[in-house]
Amino acid sequence: MFDLEELKRASGLSRKQLTDLEAQLRTELGEDELMVELHLMRVLEALRWGWITGAEALSVEAKAP
(Lines give C-alpha, C1' and ligand atoms only; values in the text may rest on other atoms or scores of the structure.)
Protein backbone atom coordinates (compact mmCIF):
# COMPACT_ATOMS: atom_id res chain seq x y z
CA MET A 1 0.00 0.00 0.00
CA PHE A 2 1.78 3.19 1.16
CA ASP A 3 5.30 3.35 2.53
CA LEU A 4 4.97 6.04 5.19
CA GLU A 5 8.71 6.17 5.82
CA GLU A 6 9.38 6.81 2.12
CA LEU A 7 6.76 9.57 2.09
CA LYS A 8 8.46 11.14 5.12
CA ARG A 9 11.85 11.05 3.37
CA ALA A 10 10.41 12.48 0.15
CA SER A 11 8.53 15.27 1.96
CA GLY A 12 11.56 17.50 2.39
CA LEU A 13 10.56 18.15 6.01
CA SER A 14 13.17 17.86 8.74
CA ARG A 15 12.88 15.23 11.45
CA LYS A 16 11.77 17.95 13.90
CA GLN A 17 9.13 19.23 11.47
CA LEU A 18 7.79 15.70 11.00
CA THR A 19 7.69 15.21 14.78
CA ASP A 20 5.86 18.53 15.19
CA LEU A 21 3.38 17.61 12.45
CA GLU A 22 2.65 14.25 14.06
CA ALA A 23 2.20 15.93 17.46
CA GLN A 24 -0.20 18.44 15.92
CA LEU A 25 -2.22 15.62 14.36
CA ARG A 26 -2.32 13.75 17.67
CA THR A 27 -3.60 16.90 19.38
CA GLU A 28 -6.34 17.28 16.78
CA LEU A 29 -7.24 13.59 16.39
CA GLY A 30 -6.47 12.10 19.78
CA GLU A 31 -4.55 8.87 20.20
CA ASP A 32 -6.21 7.01 17.33
CA GLU A 33 -3.02 5.88 15.58
CA LEU A 34 -4.82 4.82 12.41
CA MET A 35 -6.38 8.26 11.96
CA VAL A 36 -3.09 10.00 12.75
CA GLU A 37 -1.27 7.83 10.20
CA LEU A 38 -3.98 8.37 7.57
CA HIS A 39 -3.93 12.14 7.95
CA LEU A 40 -0.13 12.21 8.04
CA MET A 41 -0.03 10.21 4.81
CA ARG A 42 -2.48 12.63 3.18
CA VAL A 43 -0.38 15.65 4.18
CA LEU A 44 2.82 14.01 2.94
CA GLU A 45 1.18 13.06 -0.37
CA ALA A 46 -0.05 16.65 -0.79
CA LEU A 47 3.51 17.87 -0.21
CA ARG A 48 4.87 15.36 -2.71
CA TRP A 49 2.47 16.50 -5.41
CA GLY A 50 3.02 20.19 -4.68
CA TRP A 51 -0.56 20.80 -3.61
CA ILE A 52 0.64 22.42 -0.37
CA THR A 53 3.91 23.88 0.87
CA GLY A 54 5.88 22.82 3.92
CA ALA A 55 4.75 25.98 5.70
CA GLU A 56 1.11 25.14 4.97
CA ALA A 57 1.61 21.58 6.21
CA LEU A 58 3.00 22.87 9.50
CA SER A 59 0.46 25.67 9.97
CA VAL A 60 -1.65 25.32 13.09
CA GLU A 61 -4.43 27.45 11.67
CA ALA A 62 -7.54 25.64 10.52
CA LYS A 63 -8.17 26.17 6.84
CA ALA A 64 -11.53 26.29 5.16
CA PRO A 65 -12.01 23.69 2.41
# chains A, B, ... in the order shown; residues from 1 in each chain; ligands from 1
>>> residues_around(residues="region 54-60 of chain A", least_positions_apart="3", cutoff="9 Å", atoms="only C-alpha atoms", output="VMD selection string")
chain A and resid 11 to 13 17 to 18 20 to 21 24 43 to 44 46 to 47
>>> select_by_dssp(residues="chain A", states="helix (DSSP H, G or I)", output="ChimeraX atom specification")
/A:4-11,15-29,33-48,54-58
>>> closest_residue(among="A:Thr53, A:Thr19, A:Leu4, A:Ala10", to="Leu38 (chain A)", atoms="only C-alpha atoms")
A:Leu4
>>> atom_distance(atom1="CA of Val36 (chain A)", atom2="CA of Ala23 (chain A)")
9.2 Å
>>> atom_distance(atom1="CA of Met35 (chain A)", atom2="CA of Asp3 (chain A)")
15.8 Å
